[in-house]
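Undergrad: Next up is a structure, given as structure tokens.
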Amino acid sequence: MSLDKKKETKVTPLMRQYNEIKAKYPDALLLFRIGDFYETFGEDAIKASKILSIILTSRANGSSKIELAGFPHHSLDNYLPKLVRAGYRVAICDQLEDPKLTKKIVKRGVTELVTPGVSYNNQTLESKKNNFLCSIYYGKTSIGVSFLDISTGEFLVSQGGINYINKLIQSFNPLEVLFQKGLKKKFINDFGLDNFTFPIDDWVYKLDYANELLSNQFETKSLKGFGISDLPEAIISAGVILFYLKETKHNQTSHILSISRINEEKYLWMDKFTMRNLELFYSPNKGAKTLLDILDHTETSMGSRLLMRWLALPLKQIEEINERLDIVNYLNDNIDIHNIFRDNIHKIGDLERLVSKASTKRINPKEVEKLKESLVSIIPIKDICLKSNLESLNLLAEDLNTCTDLIQIIEKELCESPPSQLNKGNVINFGVNTELDELRLIRKSGKEFLDKMLENEIKNTSISSLKISYNNVFGYYLEVRNIHKDKVPETWIRKQTLVNAERYITQELKDYEVKILSAQEKISILEYDLFYKIVDDITLQIMHLQKNAQLISKLDCLLSFSKISNRFNYCKPNISYGSDLN
């Protein structure tokens, strides 16, 4: 190789590290953490600067220059959603060690790969819509399909012909679709490219591998208990989703507890043209109201998402339809109960997504408080349902779990009105941890302690002008004017000589300095550990919390129907299998 060629390829150690990581994620936009900033380079920087409206500049890259665009790391939640909504897969590369503890280049690695269909970020997700990731598998006789909303833990599968799968995709409206890399042309021909898509290597599509992934996920020996063991194509498609989660560094999946079969015979299936013409969710006419706009008077985001599902998948079974109608009728006839349901459901947060955040350690103190308030609000709902003379509400109440032990833990240990950010402090209540309480007292009484120490030293030395001060060079010190320096005790250590005074330290002063300066750091560490113990207690109740979310969502939808029927004076229909309208 010539000297000129060597010169052309020379790069800095940092950019060499960047290039190595980027090579592993060539199809993703890489956010590379450098100090307090996330930086993008080259083509990624050009794209990011346009999407995020941030300044595009350049930096030295050995013997050349490279485009650069970045933003502060604390602004990630603001900028990340814009990149994902623009259709990009975003690889977040973080510093994996403390820069202060290494003399070499800081070790870095991708900690998360965010895609349109795999995200927990509140700013990326739409509160009233599911964020489904879809997987398609072409089998010999049928097509397998699966849908996962990682933000709620819902996991659904089915299989069938092209028309049926197409209707499912229209009904669930996934944000991202996975397909076999070797069948790209066939996939585009059958399903088009209306959704963000990503190809998966063909070797992943193996039944044994899918069974292994799913069995490990649910900690079972087989999938018979889920009612999907006779759906091999669907199982393979679901296995691909779990593989994709591992590839995108989403390894915390304990909230994905189950997988359900979509029963083709249970629902009325509509193609995209029917859904468009009925204006269920969208209308081509400016200012027009869709059916969802008319019917959605739900109190919670999870209720809105379920209502959208109900409209996309209308029931065909009379028994279930009548069960819904009976509850709506009961709420109409009992306005006091209707109002209690409304007032309490209104206080319930998005339990589905709160539970998922807890299981992935992404929940913040404010959200834990909201989860507790939600559980408290379920108590009167459960009581009323138990006392109801409607069997369907009695059964619903039996399945509701108020998780009173969890409520007590959160009330005892979490501060009232905690901050949304854990590092802001004042998260854990006084009385929960003795060491934490002592550290807080040290922090609070630091000035009082120093004043008392100064008072004692003046008394012991008779130096009336003695004072205690602080600087960044040697911390806390005692300052003695020259006129009194003959009174300084031998145990004091001289640190600095000034024109008119001298500065000293004592062992007692240094010991307390360490306490004061380290108190806040220790407080932060203790609060972090204690908070995540609360989060661990929440994760132990995931199954009950997810069930609560499903039941409250259902009640929320039926309450919305009750509101609409009261407002427009609708009456309860009589449903039959015949074709006559009475």
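Scheme for the structure tokens: letters A, B, ... for chains in order shown; per-chain residue numbers from 1; ligand numbers from 1 in order shown.
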At a cut-off of 7 Å, using only C-alpha atoms, what residues contact Gln317 in chain A? Leave out same-chain residues fewer than 3 positions from it and give the result as a list in words.

TA: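 After dropping sequence-adjacent residues, the list is Lys266, Glu320 and Ile321 of chain A.
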
Undergrad: Export, as a short mmCIF file (atom, residue, chain, number, x, y, z; two decimals), in the first residue's frame, the selected residues with all heavy atoms.

TA:
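Below you can see result25.cif, which holds the result:
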data_model
loop_
_atom_site.label_atom_id
_atom_site.label_comp_id
_atom_site.auth_asym_id
_atom_site.auth_seq_id
_atom_site.Cartn_x
_atom_site.Cartn_y
_atom_site.Cartn_z
N LYS A 266 -64.67 -16.10 15.19
CA LYS A 266 -65.28 -15.29 16.25
C LYS A 266 -65.64 -13.88 15.78
O LYS A 266 -66.55 -13.25 16.33
CB LYS A 266 -64.32 -15.21 17.43
CG LYS A 266 -64.86 -14.51 18.66
CD LYS A 266 -63.85 -14.56 19.79
CE LYS A 266 -64.36 -13.84 21.03
NZ LYS A 266 -63.39 -13.89 22.15
N GLU A 320 -71.60 -13.26 23.65
CA GLU A 320 -70.67 -12.20 24.06
C GLU A 320 -71.26 -10.81 23.77
O GLU A 320 -71.07 -9.86 24.53
CB GLU A 320 -69.33 -12.36 23.35
CG GLU A 320 -68.52 -13.54 23.86
CD GLU A 320 -67.08 -13.51 23.36
OE1 GLU A 320 -66.46 -12.42 23.42
OE2 GLU A 320 -66.59 -14.55 22.91
N ILE A 321 -71.96 -10.70 22.65
CA ILE A 321 -72.60 -9.42 22.32
C ILE A 321 -73.62 -9.05 23.39
O ILE A 321 -73.66 -7.92 23.88
CB ILE A 321 -73.28 -9.48 20.93
CG1 ILE A 321 -72.23 -9.65 19.83
CG2 ILE A 321 -74.11 -8.23 20.67
CD1 ILE A 321 -72.82 -9.92 18.45
#

Undergrad: Give me, as a ChimeraX atom specification, all polymer residues having an atom no more than 9 Å from Asn211 in chain A, counting only C-alpha atoms and skipping those fewer than 6 positions away in the same chain.

TA: /A:222-223,235-236,239

Undergrad: If we count only C-alpha atoms, what is near Ser553 in chain A at a cut-off of 6 Å, once residues fewer than 4 positions away on the same chain are taken out, given as a list in words?

TA: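 The residues that qualify are Met302, Gly303 and Ala549 of chain A.
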
Undergrad: Show which residues sit within 6 Å of range 160-168 of chain A, as a ChimeraX atom specification. Count only C-alpha atoms, and ignore same-chain residues fewer than 5 positions away.

TA: /A:142-143,271

Undergrad: For range 519-535 of chain A, find every residue with an atom within 9 Å (counting only C-alpha atoms), except residues of its own chain fewer than 2 positions away, and show them as a short mmCIF file (atom, residue, chain, number, x, y, z; two decimals) with C-alpha atoms, in the first residue's frame.

TA:
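File written: around.cif
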data_model
loop_
_atom_site.label_atom_id
_atom_site.label_comp_id
_atom_site.auth_asym_id
_atom_site.auth_seq_id
_atom_site.Cartn_x
_atom_site.Cartn_y
_atom_site.Cartn_z
CA ALA A 358 -42.07 -1.56 35.53
CA SER A 359 -41.02 -4.94 34.16
CA LYS A 361 -37.15 -0.97 34.75
CA ILE A 363 -40.88 3.31 35.15
CA PRO A 365 -41.37 7.52 40.60
CA VAL A 368 -45.30 4.34 40.33
CA LEU A 406 -48.55 -3.57 46.83
CA ILE A 409 -45.71 -0.94 50.13
CA ILE A 410 -45.88 2.03 47.76
CA GLU A 413 -42.03 3.70 51.01
CA LEU A 414 -42.66 6.22 48.23
CA LEU A 422 -35.31 9.51 40.15
CA ASN A 423 -32.13 11.59 40.37
CA LYS A 424 -34.08 14.63 41.60
CA GLY A 425 -34.22 13.13 45.11
CA ASN A 426 -37.03 13.06 47.70
CA VAL A 427 -38.32 9.77 46.29
CA ILE A 428 -38.21 7.52 49.37
CA VAL A 432 -37.88 3.52 55.39
CA ASN A 433 -34.09 3.26 55.71
CA GLU A 435 -28.87 5.13 56.77
CA LEU A 436 -30.83 7.24 54.29
CA ASP A 437 -32.44 9.19 57.12
CA LEU A 439 -27.55 11.05 55.45
CA ARG A 440 -30.45 13.40 54.91
CA ILE A 442 -26.26 15.33 57.63
CA ARG A 443 -27.13 17.17 54.44
CA VAL A 514 -16.27 13.72 53.61
CA LYS A 515 -19.66 13.08 55.18
CA ILE A 516 -21.22 16.25 53.75
CA LEU A 517 -19.76 15.92 50.26
CA ASP A 537 -42.47 -5.71 44.15
CA ILE A 538 -44.56 -4.39 41.25
CA THR A 539 -43.13 -6.95 38.83
CA LEU A 540 -44.19 -9.77 41.17
#

Undergrad: With only C-alpha atoms as the basis for distance, which of A:Phe273, A:Phe341, A:Tyr79, A:Phe32 is at the shortest distance from Leu52 in chain A?

TA: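 Nearest candidate to Leu52 in chain A out of A:Phe273, A:Phe341, A:Tyr79, A:Phe32: A:Tyr79.
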
Undergrad: Quick one: distance from CA of Tyr330 in chain A to CA of Asp383 in chain A in Å, one decimal?

TA: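 The value is 15.7 Å.
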
Undergrad: Point out the residue among A:Arg362, A:Lys563, A:Arg261, A:Lys495 with the least atom-to-atom distance to Arg342 in chain A, counting only C-alpha atoms.

TA: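 For Arg342 in chain A, the nearest of the candidates is A:Lys563.
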